[in-house]
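Data from input-v2.cif: mmCIF, C-alpha atoms
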data_start
#
loop_
_atom_site.group_PDB
_atom_site.id
_atom_site.type_symbol
_atom_site.label_atom_id
_atom_site.label_comp_id
_atom_site.auth_asym_id
_atom_site.auth_seq_id
_atom_site.Cartn_x
_atom_site.Cartn_y
_atom_site.Cartn_z
ATOM 1 C CA MET A 1 -14.845 -2.161 -5.215
ATOM 2 C CA LYS A 2 -17.169 -5.060 -5.883
ATOM 3 C CA TYR A 3 -19.350 -6.463 -3.137
ATOM 4 C CA ARG A 4 -20.906 -9.824 -2.457
ATOM 5 C CA THR A 5 -23.441 -10.863 0.134
ATOM 6 C CA THR A 6 -24.295 -14.349 1.288
ATOM 7 C CA ALA A 7 -27.886 -15.435 1.696
ATOM 8 C CA GLY A 8 -27.327 -15.781 5.431
ATOM 9 C CA PHE A 9 -26.015 -12.251 5.690
ATOM 10 C CA ASP A 10 -28.986 -10.820 3.809
ATOM 11 C CA ALA A 11 -31.402 -12.769 5.992
ATOM 12 C CA ALA A 12 -29.679 -11.679 9.200
ATOM 13 C CA LEU A 13 -29.683 -8.057 8.087
ATOM 14 C CA ALA A 14 -33.386 -8.232 7.253
ATOM 15 C CA LYS A 15 -34.109 -9.541 10.745
ATOM 16 C CA LEU A 16 -32.491 -6.569 12.455
ATOM 17 C CA PRO A 17 -34.791 -3.829 13.693
ATOM 18 C CA ARG A 18 -35.197 -0.984 11.231
ATOM 19 C CA GLU A 19 -33.129 1.454 13.290
ATOM 20 C CA HIS A 20 -30.271 -1.024 13.481
ATOM 21 C CA ARG A 21 -30.332 -1.649 9.721
ATOM 22 C CA LYS A 22 -30.118 2.098 9.338
ATOM 23 C CA LEU A 23 -27.071 2.253 11.615
ATOM 24 C CA PHE A 24 -25.380 -0.473 9.595
ATOM 25 C CA THR A 25 -26.131 1.260 6.297
ATOM 26 C CA GLU A 26 -24.851 4.566 7.656
ATOM 27 C CA ALA A 27 -21.629 2.934 8.828
ATOM 28 C CA VAL A 28 -21.133 1.416 5.381
ATOM 29 C CA SER A 29 -22.066 4.416 3.269
ATOM 30 C CA GLY A 30 -20.658 7.098 5.539
ATOM 31 C CA HIS A 31 -17.418 5.518 6.690
ATOM 32 C CA LEU A 32 -16.557 2.163 5.144
ATOM 33 C CA ILE A 33 -17.023 3.041 1.475
ATOM 34 C CA PRO A 34 -15.002 6.291 1.705
ATOM 35 C CA ALA A 35 -12.233 4.385 3.489
ATOM 36 C CA LEU A 36 -12.197 1.720 0.776
ATOM 37 C CA ALA A 37 -12.114 4.433 -1.876
ATOM 38 C CA ALA A 38 -9.080 5.893 -0.098
ATOM 39 C CA GLY A 39 -7.391 2.500 -0.162
ATOM 40 C CA ALA A 40 -7.761 1.326 3.433
ATOM 41 C CA HIS A 41 -7.868 -2.286 2.240
ATOM 42 C CA ARG A 42 -4.529 -1.751 0.518
ATOM 43 C CA GLY A 43 -2.932 -0.155 3.548
ATOM 44 C CA THR A 44 -2.642 3.270 1.933
ATOM 45 C CA ALA A 45 -5.219 4.860 4.244
ATOM 46 C CA PRO A 46 -6.328 4.069 7.776
ATOM 47 C CA TRP A 47 -9.576 2.355 8.543
ATOM 48 C CA PRO A 48 -12.071 4.679 10.247
ATOM 49 C CA THR A 49 -11.419 4.465 13.965
ATOM 50 C CA ARG A 50 -15.097 4.455 14.854
ATOM 51 C CA LEU A 51 -15.690 1.227 12.920
ATOM 52 C CA ARG A 52 -12.902 -0.567 14.797
ATOM 53 C CA ILE A 53 -12.112 -2.653 11.736
ATOM 54 C CA HIS A 54 -9.509 -5.293 12.413
ATOM 55 C CA LYS A 55 -8.722 -8.823 11.422
ATOM 56 C CA ILE A 56 -9.752 -11.775 13.511
ATOM 57 C CA GLY A 57 -8.072 -14.734 11.915
ATOM 58 C CA GLU A 58 -9.001 -14.614 8.257
ATOM 59 C CA VAL A 59 -11.953 -12.252 8.507
ATOM 60 C CA TYR A 60 -12.408 -8.576 9.226
ATOM 61 C CA SER A 61 -14.578 -7.377 12.085
ATOM 62 C CA LEU A 62 -16.526 -4.136 11.795
ATOM 63 C CA THR A 63 -18.413 -2.416 14.610
ATOM 64 C CA TRP A 64 -21.459 -0.563 13.344
ATOM 65 C CA SER A 65 -23.033 0.253 16.697
ATOM 66 C CA PHE A 66 -21.688 0.742 20.176
ATOM 67 C CA SER A 67 -24.930 1.629 21.879
ATOM 68 C CA GLY A 68 -27.663 -0.763 22.846
ATOM 69 C CA PRO A 69 -26.485 -4.128 21.669
ATOM 70 C CA ASP A 70 -23.056 -3.770 20.091
ATOM 71 C CA GLY A 71 -23.504 -4.254 16.371
ATOM 72 C CA ARG A 72 -20.832 -6.259 14.577
ATOM 73 C CA ALA A 73 -20.329 -7.547 11.082
ATOM 74 C CA LEU A 74 -17.761 -9.856 9.532
ATOM 75 C CA PHE A 75 -16.411 -9.650 6.016
ATOM 76 C CA THR A 76 -13.493 -10.696 3.868
ATOM 77 C CA ILE A 77 -11.666 -8.868 1.102
ATOM 78 C CA GLY A 78 -9.984 -10.783 -1.651
ATOM 79 C CA PRO A 79 -9.564 -10.849 -5.404
ATOM 80 C CA ASP A 80 -12.458 -12.054 -7.516
ATOM 81 C CA SER A 81 -12.049 -14.152 -10.649
ATOM 82 C CA ASP A 82 -10.924 -11.042 -12.554
ATOM 83 C CA GLY A 83 -8.389 -10.156 -9.904
ATOM 84 C CA GLU A 84 -10.387 -7.157 -8.701
ATOM 85 C CA PRO A 85 -10.958 -6.631 -4.979
ATOM 86 C CA LEU A 86 -14.179 -8.171 -3.767
ATOM 87 C CA LEU A 87 -15.634 -7.488 -0.336
ATOM 88 C CA THR A 88 -17.770 -10.394 0.835
ATOM 89 C CA TRP A 89 -20.169 -9.848 3.720
ATOM 90 C CA LEU A 90 -20.371 -12.993 5.818
ATOM 91 C CA ALA A 91 -22.365 -12.174 8.923
ATOM 92 C CA VAL A 92 -24.048 -9.386 10.817
ATOM 93 C CA GLY A 93 -25.534 -9.272 14.279
ATOM 94 C CA TYR A 94 -24.810 -8.317 17.828
ATOM 95 C CA HIS A 95 -21.831 -8.744 20.090
ATOM 96 C CA ASP A 96 -22.766 -11.647 22.308
ATOM 97 C CA ILE A 97 -22.095 -11.037 25.970
ATOM 98 C CA TYR A 98 -21.301 -14.247 27.741
ATOM 99 C CA MET B 1 14.465 5.111 33.461
ATOM 100 C CA ARG B 2 12.784 6.605 30.455
ATOM 101 C CA ARG B 3 16.116 7.241 28.830
ATOM 102 C CA LEU B 4 17.211 3.700 29.507
ATOM 103 C CA ARG B 5 14.052 2.317 28.004
ATOM 104 C CA VAL B 6 14.455 4.359 24.833
ATOM 105 C CA LEU B 7 18.085 3.394 24.638
ATOM 106 C CA VAL B 8 17.160 -0.243 24.823
ATOM 107 C CA VAL B 9 14.743 0.111 21.949
ATOM 108 C CA LEU B 10 17.169 2.159 19.879
ATOM 109 C CA SER B 11 19.966 -0.281 20.468
ATOM 110 C CA TRP B 12 17.731 -3.135 19.604
ATOM 111 C CA ILE B 13 16.636 -1.574 16.334
ATOM 112 C CA ALA B 14 20.176 -0.514 15.496
ATOM 113 C CA ALA B 15 21.300 -4.046 16.077
ATOM 114 C CA GLY B 16 18.891 -5.086 13.367
ATOM 115 C CA ALA B 17 17.272 -8.085 14.917
ATOM 116 C CA CYS B 18 17.240 -10.665 12.165
ATOM 117 C CA GLY B 19 14.072 -11.288 10.289
ATOM 118 C CA ILE B 20 12.132 -8.321 11.507
ATOM 119 C CA GLY B 21 10.160 -7.206 8.540
ATOM 120 C CA VAL B 22 7.583 -4.659 7.642
ATOM 121 C CA SER B 23 4.696 -5.392 5.380
ATOM 122 C CA GLY B 24 1.531 -3.529 4.673
ATOM 123 C CA CYS B 25 2.649 -0.977 2.090
ATOM 124 C CA ALA B 26 0.506 -1.304 -0.988
ATOM 125 C CA GLY B 27 2.434 -3.137 -3.604
ATOM 126 C CA ALA B 28 5.629 -3.041 -1.615
ATOM 127 C CA PRO B 29 7.399 -6.238 -0.714
ATOM 128 C CA ALA B 30 8.242 -7.052 2.854
ATOM 129 C CA ILE B 31 11.104 -4.877 4.019
ATOM 130 C CA SER B 32 13.783 -6.333 6.187
ATOM 131 C CA TYR B 33 14.854 -4.321 9.154
ATOM 132 C CA THR B 34 18.216 -6.024 9.216
ATOM 133 C CA GLY B 35 20.868 -3.372 8.954
ATOM 134 C CA TYR B 36 18.390 -0.606 9.573
ATOM 135 C CA SER B 37 19.768 2.867 9.264
ATOM 136 C CA GLY B 38 17.703 5.974 9.434
ATOM 137 C CA THR B 39 16.356 8.608 11.692
ATOM 138 C CA ALA B 40 14.495 8.003 14.894
ATOM 139 C CA ILE B 41 12.198 10.393 16.688
ATOM 140 C CA VAL B 42 11.320 9.729 20.282
ATOM 141 C CA SER B 43 7.977 11.050 21.461
ATOM 142 C CA ALA B 44 7.695 13.368 24.431
ATOM 143 C CA ASP B 45 6.581 10.583 26.727
ATOM 144 C CA GLY B 46 9.440 8.391 25.577
ATOM 145 C CA ARG B 47 7.146 5.531 24.661
ATOM 146 C CA THR B 48 6.821 6.034 20.933
ATOM 147 C CA LEU B 49 9.644 5.842 18.482
ATOM 148 C CA THR B 50 9.157 6.905 14.879
ATOM 149 C CA VAL B 51 11.715 5.524 12.488
ATOM 150 C CA GLY B 52 12.132 5.809 8.782
ATOM 151 C CA PRO B 53 11.430 6.343 5.970
ATOM 152 C CA TYR B 54 13.158 3.138 5.125
ATOM 153 C CA ARG B 55 14.806 2.828 1.719
ATOM 154 C CA GLY B 56 12.057 4.975 0.293
ATOM 155 C CA ALA B 57 10.008 1.872 -0.404
ATOM 156 C CA CYS B 58 7.279 2.715 2.010
ATOM 157 C CA PRO B 59 5.584 6.112 1.912
ATOM 158 C CA ALA B 60 4.340 5.864 5.454
ATOM 159 C CA LYS B 61 6.541 6.190 8.459
ATOM 160 C CA VAL B 62 7.086 3.204 10.649
ATOM 161 C CA SER B 63 6.705 3.556 14.366
ATOM 162 C CA ALA B 64 7.942 1.362 17.127
ATOM 163 C CA VAL B 65 5.878 1.594 20.237
ATOM 164 C CA ALA B 66 7.569 0.542 23.437
ATOM 165 C CA ARG B 67 5.443 -0.765 26.220
ATOM 166 C CA GLU B 68 7.443 -1.068 29.378
ATOM 167 C CA SER B 69 10.083 -3.373 28.040
ATOM 168 C CA ARG B 70 11.785 -4.602 24.929
ATOM 169 C CA SER B 71 9.777 -7.760 25.011
ATOM 170 C CA LYS B 72 6.596 -5.820 24.395
ATOM 171 C CA VAL B 73 7.690 -3.675 21.506
ATOM 172 C CA ALA B 74 5.315 -3.648 18.596
ATOM 173 C CA LEU B 75 5.817 -2.040 15.235
ATOM 174 C CA PHE B 76 3.153 -0.004 13.594
ATOM 175 C CA LEU B 77 2.791 1.182 10.049
ATOM 176 C CA GLY B 78 0.649 4.249 10.276
ATOM 177 C CA THR B 79 -2.290 3.054 12.280
ATOM 178 C CA THR B 80 -1.845 -0.546 11.251
ATOM 179 C CA TYR B 81 -0.042 -3.101 13.307
ATOM 180 C CA VAL B 82 2.478 -4.741 11.069
ATOM 181 C CA ARG B 83 4.749 -6.897 13.151
ATOM 182 C CA TYR B 84 5.305 -7.886 16.708
ATOM 183 C CA ALA B 85 9.010 -7.407 16.962
ATOM 184 C CA ARG B 86 10.197 -10.130 19.193
ATOM 185 C CA TYR B 87 11.479 -13.638 19.012
ATOM 186 C CA MET B 88 10.213 -16.614 20.880
ATOM 187 C CA SER B 89 12.484 -19.641 20.775
ATOM 188 C CA GLU B 90 13.668 -20.031 17.178
ATOM 189 C CA ASN B 91 10.462 -18.836 15.583
ATOM 190 C CA ALA B 92 9.534 -15.285 14.700
ATOM 191 C CA VAL B 93 6.530 -14.017 16.548
ATOM 192 C CA PRO B 94 3.555 -13.764 14.229
ATOM 193 C CA LEU B 95 2.104 -10.591 12.840
ATOM 194 C CA PRO B 96 -0.544 -9.003 14.970
ATOM 195 C CA TYR B 97 -3.989 -10.303 14.085
ATOM 196 C CA GLU B 98 -2.456 -13.573 12.941
ATOM 197 C CA VAL B 99 -3.139 -17.018 14.285
ATOM 198 C CA GLN B 100 -0.223 -19.117 15.464
ATOM 199 C CA GLU B 101 0.009 -22.661 16.711
ATOM 200 C CA MET B 102 2.076 -23.664 19.706
ATOM 201 C CA THR B 103 2.486 -26.820 21.675
ATOM 202 C CA THR B 104 1.136 -26.798 25.193
ATOM 203 C CA THR B 105 4.654 -27.436 26.489
ATOM 204 C CA GLU B 106 6.021 -24.377 24.696
ATOM 205 C CA ALA B 107 3.030 -22.262 25.672
ATOM 206 C CA ARG B 108 3.549 -23.084 29.336
ATOM 207 C CA LYS B 109 6.984 -21.488 29.163
ATOM 208 C CA HIS B 110 5.747 -18.341 27.442
ATOM 209 C CA LEU B 111 2.287 -17.754 28.856
ATOM 210 C CA PRO B 112 2.899 -14.105 29.896
ATOM 211 C CA GLU B 113 4.143 -13.228 26.394
ATOM 212 C CA LEU B 114 1.236 -15.049 24.754
ATOM 213 C CA VAL B 115 -1.210 -13.109 26.897
ATOM 214 C CA ASN B 116 0.504 -9.842 25.937
ATOM 215 C CA MET B 117 0.429 -10.788 22.273
ATOM 216 C CA ALA B 118 -3.288 -11.468 22.527
ATOM 217 C CA ALA B 119 -4.048 -8.324 24.504
ATOM 218 C CA TYR B 120 -1.849 -5.859 22.618
ATOM 219 C CA GLY B 121 -1.349 -7.494 19.242
ATOM 220 C CA HIS B 122 -4.612 -9.372 18.695
ATOM 221 C CA VAL B 123 -2.624 -12.550 18.126
ATOM 222 C CA THR B 124 -4.530 -15.784 18.592
ATOM 223 C CA THR B 125 -2.533 -18.768 19.811
ATOM 224 C CA VAL B 126 -3.887 -22.241 19.188
ATOM 225 C CA LEU B 127 -2.583 -24.741 21.723
ATOM 226 C CA VAL B 128 -1.670 -28.085 20.231
ATOM 227 C CA ARG B 129 -0.863 -31.392 21.869
ATOM 228 C CA ASP B 130 0.136 -34.487 19.915
ATOM 229 C CA GLY B 131 -0.799 -32.698 16.737
ATOM 230 C CA ARG B 132 -4.330 -31.947 17.896
ATOM 231 C CA ARG B 133 -5.698 -28.462 18.407
ATOM 232 C CA LEU B 134 -7.014 -28.403 21.959
ATOM 233 C CA ALA B 135 -7.588 -24.798 22.985
ATOM 234 C CA ARG B 136 -6.733 -21.241 22.072
ATOM 235 C CA ILE B 137 -5.724 -17.974 23.670
ATOM 236 C CA VAL B 138 -7.727 -15.179 22.096
ATOM 237 C CA PRO B 139 -8.002 -11.456 22.805
ATOM 238 C CA GLU B 140 -10.954 -10.818 25.082
ATOM 239 C CA GLU B 141 -12.055 -8.107 22.663
ATOM 240 C CA ASP B 142 -12.442 -10.697 19.908
ATOM 241 C CA ALA B 143 -13.891 -13.524 21.978
ATOM 242 C CA TRP B 144 -17.417 -12.875 20.684
ATOM 243 C CA VAL B 145 -16.453 -14.291 17.288
ATOM 244 C CA TYR B 146 -15.931 -17.690 18.902
ATOM 245 C CA SER B 147 -19.359 -17.725 20.504
ATOM 246 C CA PRO B 148 -21.683 -20.455 19.169
ATOM 247 C CA GLY B 149 -23.994 -17.942 17.520
ATOM 248 C CA TRP B 150 -21.276 -16.263 15.467
ATOM 249 C CA GLN B 151 -19.616 -19.561 14.632
ATOM 250 C CA ASP B 152 -22.981 -20.727 13.279
ATOM 251 C CA LYS B 153 -23.169 -17.588 11.155
ATOM 252 C CA LEU B 154 -19.700 -18.211 9.754
ATOM 253 C CA ARG B 155 -20.504 -21.844 9.002
ATOM 254 C CA GLN B 156 -23.655 -20.749 7.208
ATOM 255 C CA ALA B 157 -21.624 -18.213 5.222
ATOM 256 C CA GLU B 158 -19.211 -20.945 4.165
ATOM 257 C CA ASP B 159 -22.140 -23.104 3.079
ATOM 258 C CA ASP B 160 -23.704 -20.212 1.158
ATOM 259 C CA LEU B 161 -20.446 -19.490 -0.639
ATOM 260 C CA ALA B 162 -19.928 -23.138 -1.506
ATOM 261 C CA ALA B 163 -23.491 -23.451 -2.798
ATOM 262 C CA GLY B 164 -23.419 -20.182 -4.691
ATOM 263 C CA ARG B 165 -26.145 -18.609 -2.580
ATOM 264 C CA THR B 166 -24.667 -15.159 -3.049
ATOM 265 C CA GLN B 167 -25.346 -11.903 -4.826
ATOM 266 C CA THR B 168 -22.593 -9.792 -6.337
ATOM 267 C CA PHE B 169 -22.681 -6.047 -6.861
ATOM 268 C CA ALA B 170 -20.460 -4.234 -9.324
ATOM 269 C CA ASP B 171 -19.970 -1.038 -7.342
ATOM 270 C CA ASP B 172 -20.845 0.938 -4.221
ATOM 271 C CA GLY B 173 -24.125 2.220 -5.655
ATOM 272 C CA GLU B 174 -25.423 -1.235 -6.534
ATOM 273 C CA PHE B 175 -24.562 -2.521 -3.082
ATOM 274 C CA LEU B 176 -26.221 0.391 -1.309
ATOM 275 C CA ARG B 177 -29.352 -0.115 -3.418
ATOM 276 C CA HIS B 178 -29.332 -3.741 -2.323
ATOM 277 C CA LEU B 179 -29.275 -2.611 1.313
ATOM 278 C CA ASP B 180 -32.227 -0.326 0.568
ATOM 279 C CA ASP B 181 -34.082 -3.226 -1.036
ATOM 280 C CA ILE B 182 -33.538 -5.372 2.044
ATOM 281 C CA ASP B 183 -34.828 -2.525 4.159
ATOM 282 C CA ASP B 184 -37.919 -2.138 1.963
ATOM 283 C CA GLU B 185 -38.682 -5.857 1.926
ATOM 284 C CA ALA B 186 -38.249 -6.070 5.686
ATOM 285 C CA GLY B 187 -40.776 -3.322 6.166
ATOM 286 C CA GLY B 188 -38.392 -0.387 6.386
#

Whole structure given in structure tokens:
Amino acid sequence: MKYRTTAGFDAALAKLPREHRKLFTEAVSGHLIPALAAGAHRGTAPWPTRLRIHKIGEVYSLTWSFSGPDGRALFTIGPDSDGEPLLTWLAVGYHDIY
Amino acid sequence: MRRLRVLVVLSWIAAGACGIGVSGCAGAPAISYTGYSGTAIVSADGRTLTVGPYRGACPAKVSAVARESRSKVALFLGTTYVRYARYMSENAVPLPYEVQEMTTTEARKHLPELVNMAAYGHVTTVLVRDGRRLARIVPEEDAWVYSPGWQDKLRQAEDDLAAGRTQTFADDGEFLRHLDDIDDEAGG
């Protein structure tokens, strides 16, 4: 799997407190990447329940923290110019309560 | 009552409601449920129906989950929603997690179903009048995405992608190192 980050995503991630960046990284390395390796994006394996990954319109939502402020991230998966799957991180932050 | 409910679902599937399809199998084309024939297993509580395999094209079993009535039946493929199995007027109901458009006049007639689709199927309905999108019915669970802050983030992402302000990583390791770099630069 190839990955891509936008400048806005990188900046938003850098602004998170250290412990929240760690939670995000743990969610990615410990749960998302193994699920992608198993083919979750192709429908051959389930997404990890704890990440609550689901589509909202054209993007995927991922929950990386339930405690404190709910941590969410948005990404897309699509083919790159070579036709290989490319996961693009669009945004990261907190679930806004309103 | 339970028996009746299951019977309704079974009869409905056996009847092969036109156009009901299953997608989501890797590399497998959409499978029509028309003329379905196969086994069906009813769960102990009578609310879950497992059907299939269907034509051997899909390795996973397909489940139909009945919620109270035929109008609220949703099909699952493994843990993935694949199709809301119901018709509304002449149009097939969209896949869960899809976005559909509907006129305000039509939506007025079907508001309870639209609310159920949003709540149980994560379907977003955009209400249209005179060709203009006016409002939308969204699942409460997903409402945060439409908040101004997250919409700003998505707009910025679009701008970044259009302007090429992106970094690409060839594999998991490269991406994880990038996350470490961000952490280091941010004072991690």

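From CA of Thr124 in chain B back to CA of Arg136 in chain B, the distance works out to 6.8 Å.
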
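Remark: for Thr88 in chain A, the closest of the candidate residues A:Pro48, A:Pro69, A:Val59, A:Leu13 is A:Val59 (distances computed over all atoms listed in the file).
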
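Interatomic distance, CA of Pro112 in chain B to CA of Arg129 in chain B: 19.4 Å.
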
Discussion item. Quick check on the file I pasted: which residues fall under the PyMOL selection byres ((chain A and resi 62-64) around 12)? Write them as an MDAnalysis selection string.
Written reply: (chainID A and resid 19:32 47:56 59:61 65:76 89:95) or (chainID B and resid 141:142 145)

Resolved residues for the PyMOL selection byres ((chain B and resi 167-172) around 8) as a PDB file with C-alpha atoms, keeping the file's coordinate frame:
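This went into out_24.pdb:
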ATOM      1  CA  MET A   1     -14.845  -2.161  -5.215  1.00  0.00           C
ATOM      2  CA  LYS A   2     -17.169  -5.060  -5.883  1.00  0.00           C
ATOM      3  CA  TYR A   3     -19.350  -6.463  -3.137  1.00  0.00           C
ATOM      4  CA  ARG A   4     -20.906  -9.824  -2.457  1.00  0.00           C
ATOM      5  CA  THR A   5     -23.441 -10.863   0.134  1.00  0.00           C
ATOM      6  CA  THR A   6     -24.295 -14.349   1.288  1.00  0.00           C
ATOM      7  CA  ALA A   7     -27.886 -15.435   1.696  1.00  0.00           C
ATOM      8  CA  ILE A  33     -17.023   3.041   1.475  1.00  0.00           C
TER       9      ILE A  33
ATOM     10  CA  ARG B 165     -26.145 -18.609  -2.580  1.00  0.00           C
ATOM     11  CA  THR B 166     -24.667 -15.159  -3.049  1.00  0.00           C
ATOM     12  CA  GLY B 173     -24.125   2.220  -5.655  1.00  0.00           C
ATOM     13  CA  GLU B 174     -25.423  -1.235  -6.534  1.00  0.00           C
ATOM     14  CA  PHE B 175     -24.562  -2.521  -3.082  1.00  0.00           C
ATOM     15  CA  LEU B 176     -26.221   0.391  -1.309  1.00  0.00           C
TER      16      LEU B 176
END

Using all atoms listed in the file, the residue out of A:Asp82, A:Ala38, A:Gly43, A:Ile77 with shortest distance to chain B is A:Gly43

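For the atom pair formed by CA of Ile182 in chain B and CA of Ala12 in chain A, the distance is 10.3 Å, given to one decimal.
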